[in-house]
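> See data-v1.csv below, with CSV, C-alpha atoms (C1' of nucleotides).
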chain,number,residue,atom,x,y,z
S,32,MET,CA,7.4,-1.4,-5.1
S,33,LEU,CA,6.4,-5.0,-4.6
S,34,SER,CA,4.0,-5.4,-1.7
S,35,LYS,CA,5.1,-7.8,1.1
S,36,LYS,CA,2.0,-9.8,0.4
S,37,THR,CA,3.4,-10.6,-3.1
S,38,LYS,CA,6.9,-11.1,-1.9
S,39,TYR,CA,5.8,-13.5,0.8
S,40,GLY,CA,3.4,-15.3,-1.5
S,41,LEU,CA,6.2,-15.9,-4.0
S,42,LYS,CA,8.5,-17.1,-1.4
S,43,ALA,CA,5.9,-19.5,0.0
S,44,LEU,CA,5.1,-20.9,-3.4
S,45,ALA,CA,8.8,-21.3,-4.1
S,46,TYR,CA,9.3,-23.1,-0.8
S,47,LEU,CA,6.4,-25.5,-1.6
S,48,ALA,CA,7.7,-26.1,-5.1
S,49,SER,CA,11.1,-27.0,-3.7
S,50,GLN,CA,9.7,-29.8,-1.5
S,51,GLU,CA,10.5,-33.3,-2.7
S,52,ASN,CA,7.0,-34.5,-2.5
S,53,ARG,CA,3.6,-32.8,-2.5
S,54,GLU,CA,2.7,-33.6,1.1
S,55,PRO,CA,1.1,-30.8,3.2
S,56,VAL,CA,3.5,-28.3,4.7
S,57,GLN,CA,2.4,-26.4,7.8
S,58,ILE,CA,2.1,-22.7,7.7
S,59,ALA,CA,4.3,-22.4,10.8
S,60,GLU,CA,7.1,-24.2,8.9
S,61,ILE,CA,6.9,-22.0,5.9
S,62,ALA,CA,6.7,-18.8,8.0
S,63,LYS,CA,9.7,-19.8,10.1
S,64,HIS,CA,11.8,-20.8,7.1
S,65,GLU,CA,11.0,-17.7,5.1
S,66,ASN,CA,10.9,-15.2,8.0
S,67,ILE,CA,7.3,-14.3,7.5
S,68,SER,CA,4.7,-13.2,10.1
S,69,GLN,CA,2.6,-16.4,10.4
S,70,LYS,CA,-0.8,-14.7,10.6
S,71,PHE,CA,-0.1,-12.6,7.5
S,72,LEU,CA,1.2,-15.7,5.7
S,73,GLU,CA,-2.0,-17.5,6.7
S,74,SER,CA,-4.2,-15.0,4.8
S,75,ILE,CA,-1.9,-15.1,1.8
S,76,LEU,CA,-1.9,-18.8,1.5
S,77,LEU,CA,-5.7,-18.7,1.8
S,78,THR,CA,-6.0,-16.4,-1.3
S,79,LEU,CA,-3.6,-18.7,-3.2
S,80,ARG,CA,-5.8,-21.6,-2.3
S,81,ARG,CA,-8.9,-19.8,-3.3
S,82,ASN,CA,-7.3,-19.0,-6.6
S,83,GLY,CA,-6.4,-22.5,-7.5
S,84,PHE,CA,-2.7,-22.6,-6.8
S,85,LEU,CA,-2.7,-24.5,-3.5
S,86,GLY,CA,-4.6,-27.3,-1.8
S,87,SER,CA,-4.9,-27.6,2.0
S,88,LYS,CA,-5.6,-30.2,4.6
S,89,LYS,CA,-6.8,-29.5,8.1
S,90,GLY,CA,-6.0,-31.3,11.3
S,91,LYS,CA,-2.9,-33.2,12.3
S,92,GLY,CA,-0.5,-33.7,9.4
S,93,GLY,CA,-2.3,-30.9,7.6
S,94,GLY,CA,-0.9,-27.9,5.8
S,95,TYR,CA,-0.6,-26.5,2.3
S,96,TYR,CA,0.6,-28.1,-0.9
S,97,LEU,CA,0.9,-27.3,-4.6
S,98,ILE,CA,-1.8,-28.8,-6.8
S,99,LYS,CA,0.0,-28.2,-10.1
S,100,GLU,CA,3.5,-28.8,-11.2
S,101,PRO,CA,5.8,-25.8,-10.8
S,102,ASN,CA,6.4,-25.6,-14.5
S,103,GLU,CA,2.7,-25.2,-15.1
S,104,ILE,CA,2.4,-22.2,-12.9
S,105,LEU,CA,2.9,-19.0,-14.9
S,106,MET,CA,4.1,-15.9,-13.2
S,107,THR,CA,1.4,-13.8,-15.0
S,108,ALA,CA,-1.2,-15.7,-13.0
S,109,VAL,CA,0.6,-15.5,-9.7
S,110,MET,CA,1.3,-11.8,-10.0
S,111,ARG,CA,-2.2,-10.9,-11.0
S,112,VAL,CA,-3.6,-12.7,-7.9
S,113,LEU,CA,-1.1,-11.4,-5.4
S,114,GLU,CA,-0.1,-8.0,-6.7
S,115,GLY,CA,-3.1,-7.2,-8.9
S,116,PRO,CA,-2.8,-5.8,-12.5
S,117,ILE,CA,0.5,-6.1,-14.2
S,118,ALA,CA,-0.1,-2.7,-16.0
S,119,MET,CA,0.8,0.4,-14.1
S,120,VAL,CA,-2.3,2.3,-15.3
S,121,PRO,CA,-5.7,0.8,-15.7
S,122,CYS,CA,-6.0,2.2,-19.2
S,123,VAL,CA,-3.4,-0.2,-20.6
S,124,SER,CA,-4.5,-3.2,-18.5
S,125,LEU,CA,-5.6,-6.3,-20.3
S,126,ASN,CA,-7.4,-8.0,-17.5
S,127,PHE,CA,-8.4,-4.9,-15.4
S,128,TYR,CA,-9.1,-2.3,-18.0
S,129,GLU,CA,-10.6,1.0,-16.9
S,130,LYS,CA,-10.7,4.4,-18.5
S,131,CYS,CA,-8.9,7.2,-16.8
S,132,ASP,CA,-10.9,10.1,-15.3
S,133,ASP,CA,-8.6,12.7,-16.5
S,134,CYS,CA,-7.5,12.0,-20.1
S,135,PRO,CA,-10.1,12.7,-22.7
S,136,ASP,CA,-8.4,10.6,-25.4
S,137,GLU,CA,-6.2,7.6,-24.7
S,138,ASN,CA,-4.6,7.6,-28.1
S,139,GLU,CA,-3.3,11.1,-27.5
S,140,CYS,CA,-2.0,10.4,-24.0
S,141,SER,CA,1.7,10.4,-23.4
S,142,VAL,CA,1.4,8.3,-20.3
S,143,ASN,CA,-0.7,5.7,-22.0
S,144,LYS,CA,1.9,5.5,-24.8
S,145,LEU,CA,4.8,4.9,-22.4
S,146,MET,CA,2.9,2.5,-20.1
S,147,LEU,CA,1.9,0.3,-23.0
S,148,LYS,CA,5.5,-0.4,-23.7
S,149,VAL,CA,6.2,-1.0,-20.0
S,150,ARG,CA,3.3,-3.4,-19.8
S,151,ASP,CA,4.4,-5.4,-22.7
S,152,ALA,CA,7.9,-5.6,-21.3
S,153,ASN,CA,6.7,-6.9,-18.0
S,154,LEU,CA,4.2,-9.3,-19.6
S,155,GLU,CA,7.1,-10.8,-21.6
S,156,VAL,CA,8.9,-11.6,-18.4
S,157,TYR,CA,6.0,-13.0,-16.5
S,158,ARG,CA,4.8,-15.1,-19.5
S,159,ASN,CA,8.2,-16.7,-19.9
S,160,ASN,CA,8.7,-17.6,-16.3
S,161,THR,CA,7.0,-20.3,-14.3
S,162,LEU,CA,7.4,-21.2,-10.6
S,163,LYS,CA,10.0,-23.7,-11.7
S,164,ASP,CA,12.2,-21.0,-13.0
S,165,LEU,CA,12.3,-19.4,-9.6
S,166,ILE,CA,13.8,-22.4,-7.8
S,167,SER,CA,16.5,-23.8,-10.0
O,56,MET,CA,0.4,1.2,-9.9
O,57,LEU,CA,1.7,4.4,-11.1
O,58,SER,CA,1.2,7.2,-8.6
O,59,LYS,CA,-0.7,10.3,-9.6
O,60,LYS,CA,2.4,12.3,-8.9
O,61,THR,CA,4.2,10.4,-11.6
O,62,LYS,CA,1.3,10.5,-14.0
O,63,TYR,CA,0.8,14.2,-13.6
O,64,GLY,CA,4.5,14.9,-13.8
O,65,LEU,CA,4.8,13.0,-17.1
O,66,LYS,CA,1.8,14.8,-18.5
O,67,ALA,CA,3.2,18.1,-17.5
O,68,LEU,CA,6.6,17.4,-19.0
O,69,ALA,CA,4.9,16.2,-22.2
O,70,TYR,CA,2.8,19.3,-22.3
O,71,LEU,CA,5.8,21.6,-21.9
O,72,ALA,CA,7.7,19.5,-24.6
O,73,SER,CA,4.9,20.0,-27.0
O,74,GLN,CA,5.1,23.8,-26.8
O,75,GLU,CA,6.5,25.5,-29.9
O,76,ASN,CA,9.0,27.6,-27.9
O,77,ARG,CA,10.5,27.4,-24.5
O,78,GLU,CA,8.7,30.4,-23.0
O,79,PRO,CA,7.4,30.0,-19.5
O,80,VAL,CA,4.1,28.3,-19.1
O,81,GLN,CA,2.0,29.0,-16.0
O,82,ILE,CA,1.1,26.2,-13.6
O,83,ALA,CA,-2.6,27.1,-14.0
O,84,GLU,CA,-2.5,26.6,-17.7
O,85,ILE,CA,-0.9,23.2,-17.4
O,86,ALA,CA,-3.2,22.1,-14.6
O,87,LYS,CA,-6.3,23.2,-16.6
O,88,HIS,CA,-5.2,21.6,-19.8
O,89,GLU,CA,-4.3,18.2,-18.2
O,90,ASN,CA,-7.0,18.1,-15.6
O,91,ILE,CA,-4.7,18.2,-12.6
O,92,SER,CA,-5.2,19.7,-9.2
O,93,GLN,CA,-3.2,22.9,-9.4
O,94,LYS,CA,-1.8,22.7,-5.9
O,95,PHE,CA,-0.6,19.2,-6.3
O,96,LEU,CA,0.9,20.0,-9.7
O,97,GLU,CA,2.7,22.9,-8.0
O,98,SER,CA,4.7,20.6,-5.8
O,99,ILE,CA,5.4,18.2,-8.7
O,100,LEU,CA,6.8,20.9,-10.9
O,101,LEU,CA,8.9,22.1,-8.0
O,102,THR,CA,10.6,18.7,-7.7
O,103,LEU,CA,11.1,18.5,-11.4
O,104,ARG,CA,12.8,21.9,-11.3
O,105,ARG,CA,15.0,20.9,-8.3
O,106,ASN,CA,16.1,17.8,-10.2
O,107,GLY,CA,17.2,19.7,-13.2
O,108,PHE,CA,14.4,19.1,-15.7
O,109,LEU,CA,12.7,22.4,-15.6
O,110,GLY,CA,13.5,26.1,-15.2
O,111,SER,CA,11.1,28.6,-13.7
O,112,LYS,CA,10.5,32.3,-13.8
O,113,LYS,CA,8.6,34.2,-11.1
O,114,GLY,CA,6.3,37.1,-11.4
O,115,LYS,CA,4.2,38.3,-14.3
O,116,GLY,CA,4.8,36.3,-17.4
O,117,GLY,CA,6.5,33.6,-15.3
O,118,GLY,CA,6.0,29.9,-15.3
O,119,TYR,CA,7.9,26.7,-16.0
O,120,TYR,CA,9.8,25.6,-19.1
O,121,LEU,CA,12.1,22.8,-20.2
O,122,ILE,CA,15.8,23.4,-19.9
O,123,LYS,CA,16.8,20.5,-22.1
O,124,GLU,CA,15.6,19.3,-25.5
O,125,PRO,CA,12.9,16.6,-25.2
O,126,ASN,CA,15.1,14.0,-26.9
O,127,GLU,CA,17.8,14.5,-24.2
O,128,ILE,CA,15.5,13.7,-21.3
O,129,LEU,CA,15.6,9.9,-20.6
O,130,MET,CA,12.7,8.2,-19.0
O,131,THR,CA,15.0,6.5,-16.6
O,132,ALA,CA,15.8,9.8,-15.1
O,133,VAL,CA,12.3,11.1,-15.0
O,134,MET,CA,10.9,7.9,-13.5
O,135,ARG,CA,13.5,7.8,-10.8
O,136,VAL,CA,12.8,11.3,-9.7
O,137,LEU,CA,9.0,11.0,-9.8
O,138,GLU,CA,8.2,7.4,-8.9
O,139,GLY,CA,11.4,6.4,-7.2
O,140,PRO,CA,13.4,3.2,-7.8
O,141,ILE,CA,12.6,1.4,-11.1
O,142,ALA,CA,13.3,-2.0,-9.4
O,143,MET,CA,10.4,-3.5,-7.5
O,144,VAL,CA,12.5,-4.6,-4.6
O,145,PRO,CA,15.5,-2.7,-3.1
O,146,CYS,CA,17.8,-5.8,-3.4
O,147,VAL,CA,17.8,-5.5,-7.2
O,148,SER,CA,18.0,-1.7,-7.4
O,149,LEU,CA,20.9,-0.1,-9.2
O,150,ASN,CA,20.5,3.3,-7.8
O,151,PHE,CA,18.7,2.6,-4.5
O,152,TYR,CA,20.2,-0.7,-3.4
O,153,GLU,CA,19.3,-2.1,0.0
O,154,LYS,CA,19.5,-5.5,1.5
O,155,CYS,CA,16.2,-7.1,2.5
O,156,ASP,CA,15.6,-7.7,6.2
O,157,ASP,CA,14.3,-11.2,5.7
O,158,CYS,CA,16.3,-13.1,3.0
O,159,PRO,CA,19.7,-14.3,4.4
O,160,ASP,CA,21.1,-14.8,0.9
O,161,GLU,CA,20.1,-12.9,-2.2
O,162,ASN,CA,21.6,-15.4,-4.6
O,163,GLU,CA,19.3,-18.1,-3.3
O,164,CYS,CA,16.2,-15.9,-3.2
O,165,SER,CA,13.4,-16.7,-5.7
O,166,VAL,CA,12.0,-13.2,-5.6
O,167,ASN,CA,15.4,-11.7,-6.3
O,168,LYS,CA,15.8,-13.9,-9.3
O,169,LEU,CA,12.5,-12.9,-10.8
O,170,MET,CA,12.7,-9.2,-10.0
O,171,LEU,CA,16.1,-9.0,-11.6
O,172,LYS,CA,14.5,-9.9,-14.9
O,173,VAL,CA,11.7,-7.5,-14.4
O,174,ARG,CA,14.0,-4.7,-13.6
O,175,ASP,CA,16.1,-5.3,-16.7
O,176,ALA,CA,12.9,-5.4,-18.8
O,177,ASN,CA,11.8,-2.1,-17.4
O,178,LEU,CA,15.2,-0.5,-17.7
O,179,GLU,CA,15.3,-1.5,-21.4
O,180,VAL,CA,12.1,0.5,-22.0
O,181,TYR,CA,13.0,3.5,-20.0
O,182,ARG,CA,16.5,3.7,-21.4
O,183,ASN,CA,15.1,3.6,-24.9
O,184,ASN,CA,12.5,6.3,-24.5
O,185,THR,CA,12.9,10.0,-24.1
O,186,LEU,CA,10.4,12.7,-23.6
O,187,LYS,CA,10.3,13.2,-27.3
O,188,ASP,CA,9.0,9.7,-27.8
O,189,LEU,CA,6.0,10.5,-25.7
O,190,ILE,CA,4.7,13.4,-27.8
O,191,SER,CA,5.1,12.3,-31.4
C,6,DT,C1',-17.3,-43.2,21.4
C,7,DT,C1',-15.5,-39.4,23.1
C,8,DA,C1',-12.1,-35.9,24.2
C,9,DA,C1',-8.0,-33.6,23.2
C,10,DA,C1',-4.7,-31.9,20.1
C,11,DA,C1',-3.4,-30.0,15.7
C,12,DA,C1',-4.2,-27.5,12.2
C,13,DT,C1',-6.7,-24.4,8.9
C,14,DC,C1',-10.3,-20.9,8.4
C,15,DT,C1',-12.7,-16.4,9.4
C,16,DA,C1',-13.5,-11.8,10.8
C,17,DT,C1',-12.2,-7.7,12.7
C,18,DA,C1',-9.5,-4.1,14.0
C,19,DA,C1',-5.5,-1.5,15.0
C,20,DA,C1',-1.2,0.5,13.6
C,21,DA,C1',1.7,2.4,10.3
C,22,DA,C1',2.8,4.3,6.1
C,23,DC,C1',1.8,6.6,2.1
C,24,DT,C1',-1.1,9.5,-1.3
C,25,DA,C1',-3.5,13.3,-2.8
C,26,DT,C1',-5.1,17.7,-1.9
C,27,DA,C1',-5.9,22.2,0.3
C,28,DG,C1',-4.8,26.6,2.7
C,29,DG,C1',-2.2,30.5,3.6
C,30,DG,C1',1.5,33.2,3.5
C,31,DT,C1',6.2,35.0,1.2
C,32,DA,C1',9.2,36.5,-2.4
C,33,DT,C1',10.0,38.0,-6.9
C,34,DT,C1',9.3,40.1,-11.3
C,35,DA,C1',7.1,42.9,-15.0
M,39,DT,C1',0.5,46.6,-7.8
M,40,DA,C1',-0.8,42.6,-9.8
M,41,DA,C1',0.7,38.2,-11.3
M,42,DT,C1',3.2,34.4,-10.4
M,43,DA,C1',6.3,30.9,-8.4
M,44,DC,C1',7.9,29.3,-3.8
M,45,DC,C1',7.4,27.3,0.8
M,46,DC,C1',5.4,25.2,4.9
M,47,DT,C1',1.9,22.9,7.2
M,48,DA,C1',-2.1,20.3,7.9
M,49,DT,C1',-5.3,16.7,6.9
M,50,DA,C1',-8.4,13.4,5.0
M,51,DG,C1',-8.3,9.3,2.8
M,52,DT,C1',-6.4,5.0,1.4
M,53,DT,C1',-3.6,1.0,1.5
M,54,DT,C1',-0.6,-2.1,3.7
M,55,DT,C1',0.8,-4.9,7.3
M,56,DT,C1',0.3,-6.9,11.6
M,57,DA,C1',-2.2,-8.4,15.5
M,58,DT,C1',-6.3,-10.4,18.2
M,59,DA,C1',-9.6,-13.7,19.0
M,60,DG,C1',-12.0,-17.2,18.1
M,61,DA,C1',-14.5,-21.0,15.0
M,62,DT,C1',-14.2,-25.1,12.4
M,63,DT,C1',-12.3,-29.4,10.8
M,64,DT,C1',-9.5,-33.5,11.1
M,65,DT,C1',-6.7,-36.8,13.4
M,66,DT,C1',-5.3,-39.4,17.2
M,67,DA,C1',-5.7,-41.9,21.2
M,68,DA,C1',-7.7,-43.1,25.6
Once you've parsed the file, please lay out its structure as structure tokens.

Amino acid sequence: MLSKKTKYGLKALAYLASQENREPVQIAEIAKHENISQKFLESILLTLRRNGFLGSKKGKGGGYYLIKEPNEILMTAVMRVLEGPIAMVPCVSLNFYEKCDDCPDENECSVNKLMLKVRDANLEVYRNNTLKDLIS
Amino acid sequence: MLSKKTKYGLKALAYLASQENREPVQIAEIAKHENISQKFLESILLTLRRNGFLGSKKGKGGGYYLIKEPNEILMTAVMRVLEGPIAMVPCVSLNFYEKCDDCPDENECSVNKLMLKVRDANLEVYRNNTLKDLIS
DNA sequence: TTAAAAATCTATAAAAACTATAGGGTATTA
DNA sequence: TAATACCCTATAGTTTTTATAGATTTTTAA
């Protein structure tokens, strides 16, 4: 299941991408438009900013805005920041690899074998979709 | 992330599929061979039996065994029983469809759009893999 | 220049849901 | 009678989501 954090983050990014200009949009406006708890959204936008997707401006007329063009924002990057690893088990993760505690030999592991295919299928989707593809 | 329930369930199924015959195998043997908490495995095997993947025999010489051939057991079916919906959001689920609370219109939803593609990619994998593919 | 208002930023904690495991007893079969 | 699956319950731990409370920065205007 997709966490609400990811869901809300994607919706917020899409909302910002659909703006005509790149002027700051207030958290409250995004929250209201997308039916999101404002405080929760606040923390999500913060992590998106810290990870280089958004810029922010404080004070009156402030808010959040995209700092790249929507077609330059790959879903692989977004998903990894919001949801974490794309792989369903650490032992097939490209960016978050870890050996499993159980499982003496990955090459003999049935789960590993299946999840490799799943990972590749998901990567294929995320690599071929940008933020722009979500709004058109 | 794949739950341990699913991971263990897959390993247990693969272990049973790799047996030479379809004689009952004891829970304890599977648990030991796959490094799984025996009590936890017990409940997993039970759900696999209730969902028509396994048969069981009580008493001395009892245990669990496959009741279909490995190449007849689709990963779609296994994953739905162990992990739940294949879709990452209910609004794109084939077997567990639900409307989202937020989101007035699915057709306009950016998350829906992306997750449809993800669902299809995953289905493609699970539909084209059977238990037999995990053990060879 | 200063004060008020508007916004983001930060930290914490509480509530809820889910996951993984363990314990103990019952029923069944060889 | 011993081995084994079956069933129910409890619980510790973790993660997710939301809520609370304030601190900080910027703009505006008196």
> Output as a ChimeraX atom specification the set of chain S residues within 12 Å of chain M, with distances taken over all atoms listed in the file.
/S:32-37,39,67-75,87-94,114
> Padding 4 Å on each side, edges along x, y and z: where is the centre of the box around the listed atoms of stretch 17-35 of chain C, and how long are its edges in Å to one decimal? Output it as AutoDock Vina command-line options.

--center_x -1.1 --center_y 17.6 --center_z 0.0 --size_x 30.2 --size_y 58.6 --size_z 38.0
> So that I can see what lies close to S:Pro121, please list as a list in words the residues with an atom at most 12 Å from it, counting all atoms listed in the file and leaving out residues fewer than 4 positions away in the same chain.
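The residues that qualify are Gly115, Pro116, Ile117, Leu125, Asn126, Phe127, Tyr128, Glu129, Lys130, Cys131, Asp132, Glu137, Val142, Asn143, Met146, Leu147 and Arg150 of chain S; Met56, Leu57 and Ser58 of chain O.
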> Find the nearest atom pair between each residue of chain C and chain O for residues within 7 Å, count all atoms listed in the file, give distances in Å to one decimal, sort rows by chain and ascending number, and present the table as a Markdown table.

| residue | atom | partner | partner_atom | distance |
| --- | --- | --- | --- | --- |
| C:DT26 | C1' | O:Phe95 | CA | 6.5 |
| C:DT33 | C1' | O:Lys113 | CA | 5.8 |
| C:DT34 | C1' | O:Gly114 | CA | 4.2 |
| C:DA35 | C1' | O:Lys115 | CA | 5.5 |
> Would you list the residues near (16.6, 12.1, -14.2) (no more than 12 Å away, in the coordinates of the file, using all atoms listed in the file) as a PyMOL selection string?
chain O and resi 102-109+123+127-141+150+181-182+185-186
> Using all atoms listed in the file, pick whichever of S:Ile166, S:Ala48, S:Leu76, S:Leu97 has the shortest atom-to-atom distance to chain O.
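The closest residue to chain O is S:Ile166.
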